[in-house]
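A.B. asks: Quick one: structure below, then a few questions.
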Amino acid sequence: MTTAHVIGAGLAGLACAVRLAAAGRSVRVYEAAPRAGGRCRSFEEPVLDATIDNGNHLLMAANRAALSYLDEIGADDPLTGPAEPAFPFIDLASGARWTLRPNRGRAPWWVLVPSRRVPHTQPRDYLSGLTLLTAPAGATVAERVRPTHPLYRPFWEPLTVAVMNADPATAAAAPLAAVLRETFGRGGEKCRPLVARVGLGPAFVDPALETLAKAGVAVGFGRRLRALDLADGRAATLRFGQDEVGLAPDDEVVLAVTPSVAASLLPDLEVPAEGAPIVNAHYRLPTPARLPGDAPFVGLLGGAAQWLFLRGHIASVTVSGADALVDRPAEELSALLWRDVARALELPAEPLPRGRIVKEKRATFVQTPANLARRPPTLTRWRNVRLAGDWTDTGLPATIESAIRSGHAAAESVLAGSRRAAA
């Protein structure tokens with residue numbers, strides 16, 4: 001039997017391997033790190049005496065690929081969120097608190113109800129979403145929704161930074177428009193936010209490894225692919241330092257790696273530039289806190305922190321597009337972000353609780369219009385080499401959903417090639 005060699009055990013690689021194994025293909029997975037998950041992982045933090053995620057990830061009920069993947073790996077009730085679509089916000093500068101509440105159906109009558117809208121906005125303000133849906137390929141978000149718009153600061157700016165990991169002035173409008181079509185464009189039910197109930201690892205990674213193990217799929221950790229031998233239009237050998245794996249004539253390779261690694265392995269491969277950072281702060285609270293409506297998260301305006309997530313005794317903050325913060329010392333960041341957490345939770349600012357700062361200096365590729373044009377497709381000019389990763393051309397921003405879709409696309413491409421060969 002021919003074998004599919006999946007390089008990388010992040011979510012793109014895991015999604016690809018799981019789908020191929022379910023189709024009966026022989027699969028081998030190689031991961032450079034000592035653990036799976038990539039940027040979507042959980043780990044034990046002794047300072048906090050808790051399991052934390054490297055970063056916070058918010059999913060939506062519209063994320064069909066992510067939800068399908070969780071079904072495929074048999075994850076046991078891994079996500080939680082409000083029963084109704086709801087997005088709470090706190091303006092730390094003014095003290096204002098509100099919740100954006102889209103209705104479940106497609107007809108957006110919620111914009112007619114003041115209690116469901118952003119305070120001091122009018123129904124006509126929400127037509128600004130249409131300007132994004134019609135954005136040309138080279139447009140930025142701020143070119144379609146001006147900073148003077150009533151919804152810019154309380155909605156479009158935090159949404160853009162969270163989804164695109166970039167300021168609206170530089171973030172490409174097209175991927176954000178794709179998200180809007182799949183969420184608000186399909187009705188409030190698809191906007192329902194979801195977070196990992198226990199953690200990213202228990203939700204997305206551990207069940208996948210168990211599923212692969214049951215299928216007899218070996219995952220080799222500490223296996224960094226150093227080079228690919230390429231000849232006659234195909235990959236012939238995988239080189240892992242002193243170790244090498246020869247490829248049979250019908251073997252396939254899926255590179256589920258970072259853009260820079262893929263470019264180092266495949267000559268003349270154009271990839272988007274990396275370097276958009278995210279900063280996360282995790283704090284252990286003396287007692288579990290509560291957010292408005294017992295929501296698991298809240299958006300923060302008017303401070304350094306952007307999103308606050310609660311899970312038991314742990315409060316976690318995410319700052320996307322964090323170019324201004326990522327190089328500052330961890331102690332300074334911990335104090336700065338805790339002040340915002342304390343104000344949001346109405347807790348004393350002193351003493352500073354135990355905390356942990358996690359920096360991802362290259363969390364995503366830089367999602368500008370020019371860089372988006374460099375996203376490659378699944379297929380490469382090497383007939384047995386496919387690409388997967390949230391940086392490939394999925395049409396979506398670099399998110400969990402994008403990563404999983406890319407893995408599924410790579411798997412379906414491998415399977416389609418096998419079917420053509422057998423025909």
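Just remember, in the structure tokens the first chain shown is A, the second B, etc., residues are 1-based per chain, and ligands are 1-based in the order shown.
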Could you list, as a list in words, every residue within 7 Å of region 66-72 of chain A, counting only C-alpha atoms and ignoring same-chain residues fewer than 6 positions away?
C.D. replies: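 In the requested format, the answer is Ala15, Phe204, Glu401 and Ile404 of chain A.
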A.B. asks: With C-alpha atoms retained, could you export that selection as a compact mmCIF listing (two decimals), in the first residue's frame?
C.D. replies:
```txt
# COMPACT_ATOMS: atom_id res chain seq x y z
CA ALA A 15 -6.84 17.09 10.19
CA PHE A 204 -8.36 19.37 19.30
CA GLU A 401 -10.98 26.93 10.80
CA ILE A 404 -8.40 22.50 9.40
```
A.B. asks: Name all residues at most 10 Å from Gly389 (chain A) (count only C-alpha atoms; drop same-chain ones fewer than 6 positions away) and give them as a PyMOL selection string.
C.D. replies: chain A and resi 8+10-13+255-259+378+398-400+402-407+410
A.B. asks: Pick out the residues sitting within 9 Å of His149 (chain A), and hand them over as a PyMOL selection string; count only C-alpha atoms, and ignore anything fewer than 3 positions along from it in its own chain.
C.D. replies: chain A and resi 125+128+145-146+152-153
A.B. asks: Could you save the residues just selected, with N, CA and C atoms, as a PDB file, in the first residue's frame?
C.D. replies:
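Output contents, as saved in selection-v6.pdb:
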```
ATOM      1  N   ASP A 125     -26.364  52.155  10.686  1.00  0.00           N
ATOM      2  CA  ASP A 125     -24.916  52.008  10.856  1.00  0.00           C
ATOM      3  C   ASP A 125     -24.440  50.604  10.487  1.00  0.00           C
ATOM      4  N   SER A 128     -22.830  49.152   7.128  1.00  0.00           N
ATOM      5  CA  SER A 128     -21.401  49.232   6.812  1.00  0.00           C
ATOM      6  C   SER A 128     -20.823  47.866   6.469  1.00  0.00           C
ATOM      7  N   VAL A 145     -14.470  50.712   5.832  1.00  0.00           N
ATOM      8  CA  VAL A 145     -15.183  51.264   6.988  1.00  0.00           C
ATOM      9  C   VAL A 145     -14.250  52.279   7.642  1.00  0.00           C
ATOM     10  N   ARG A 146     -14.549  53.534   7.500  1.00  0.00           N
ATOM     11  CA  ARG A 146     -13.665  54.593   7.969  1.00  0.00           C
ATOM     12  C   ARG A 146     -13.601  54.646   9.496  1.00  0.00           C
ATOM     13  N   TYR A 152     -16.915  51.728  14.117  1.00  0.00           N
ATOM     14  CA  TYR A 152     -15.513  51.372  13.915  1.00  0.00           C
ATOM     15  C   TYR A 152     -14.846  50.963  15.230  1.00  0.00           C
ATOM     16  N   ARG A 153     -14.849  51.838  16.225  1.00  0.00           N
ATOM     17  CA  ARG A 153     -14.167  51.533  17.485  1.00  0.00           C
ATOM     18  C   ARG A 153     -14.845  50.434  18.283  1.00  0.00           C
TER      19      ARG A 153
END
```
A.B. asks: Near Gly199 (chain A), within 12 Å and counting only C-alpha atoms, which residues show up once chain neighbours fewer than 2 positions away are dropped, as a VMD selection string?
C.D. replies: chain A and resid 37 40 to 44 50 to 58 75 77 to 80 195 to 197 201 to 206 309 to 312 314
A.B. asks: Any chance you could list, as a list of chain:residue names, the residues in region 73-107 of chain A that come up strand (DSSP E) when DSSP is run on the backbone?
C.D. replies: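 Taking region 73-107 of chain A and keeping strand (DSSP E) only, one gets A:Leu79, A:Thr80, A:Phe87, A:Pro88, A:Phe89, A:Ile90, A:Asp91, A:Arg97, A:Trp98, A:Thr99, A:Leu100.
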A.B. asks: So, with only C-alpha atoms as the atoms that count, which of A:Thr368, A:Gly220, A:Ala173, A:Ala231 lies closest to Arg35 (chain A)?
C.D. replies: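 Checking each of A:Thr368, A:Gly220, A:Ala173, A:Ala231 against Arg35 (chain A), counting only C-alpha atoms, the winner is A:Gly220.
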A.B. asks: DSSP on the backbone: which residues in region 120-330 of chain A end up as alpha helix (DSSP H)? Give the answer as JSON, numbers by chain.
C.D. replies: {"A": [128, 129, 130, 131, 132, 133, 141, 142, 143, 144, 157, 158, 159, 160, 161, 162, 163, 164, 173, 174, 175, 176, 177, 178, 179, 180, 181, 182, 200, 206, 207, 208, 209, 210, 211, 212, 213, 214, 259, 260, 261, 262, 263, 264, 265, 330]}
A.B. asks: What lies within 7 Å of Ala62 (chain A) using only C-alpha atoms, ignoring chain neighbours under 2 positions off, as number ranges by chain?
C.D. replies: A: 60, 64, 182-183, 190-191
A.B. asks: I'd like the neighbourhood of Lys361 (chain A) as a count of residues only, where a residue qualifies if any of its atoms comes within 7 Å (using only C-alpha atoms), though same-chain residues fewer than 2 positions away should be ignored.
C.D. replies: 7
A.B. asks: Considering only C-alpha atoms, state which residue in the set A:Ala411, A:Met164, A:Ala235, A:Val141 is at the smallest distance from Arg25 (chain A).
C.D. replies: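 Of A:Ala411, A:Met164, A:Ala235, A:Val141, the one nearest Arg25 (chain A) is A:Ala411, counting only C-alpha atoms.
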A.B. asks: So which one's closest to Asp323 (chain A), A:Glu346, A:Asp340, A:Asp167, A:Asp268? Using only C-alpha atoms, please.
C.D. replies: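 Counting only C-alpha atoms, the residue closest to Asp323 (chain A) is A:Asp167.
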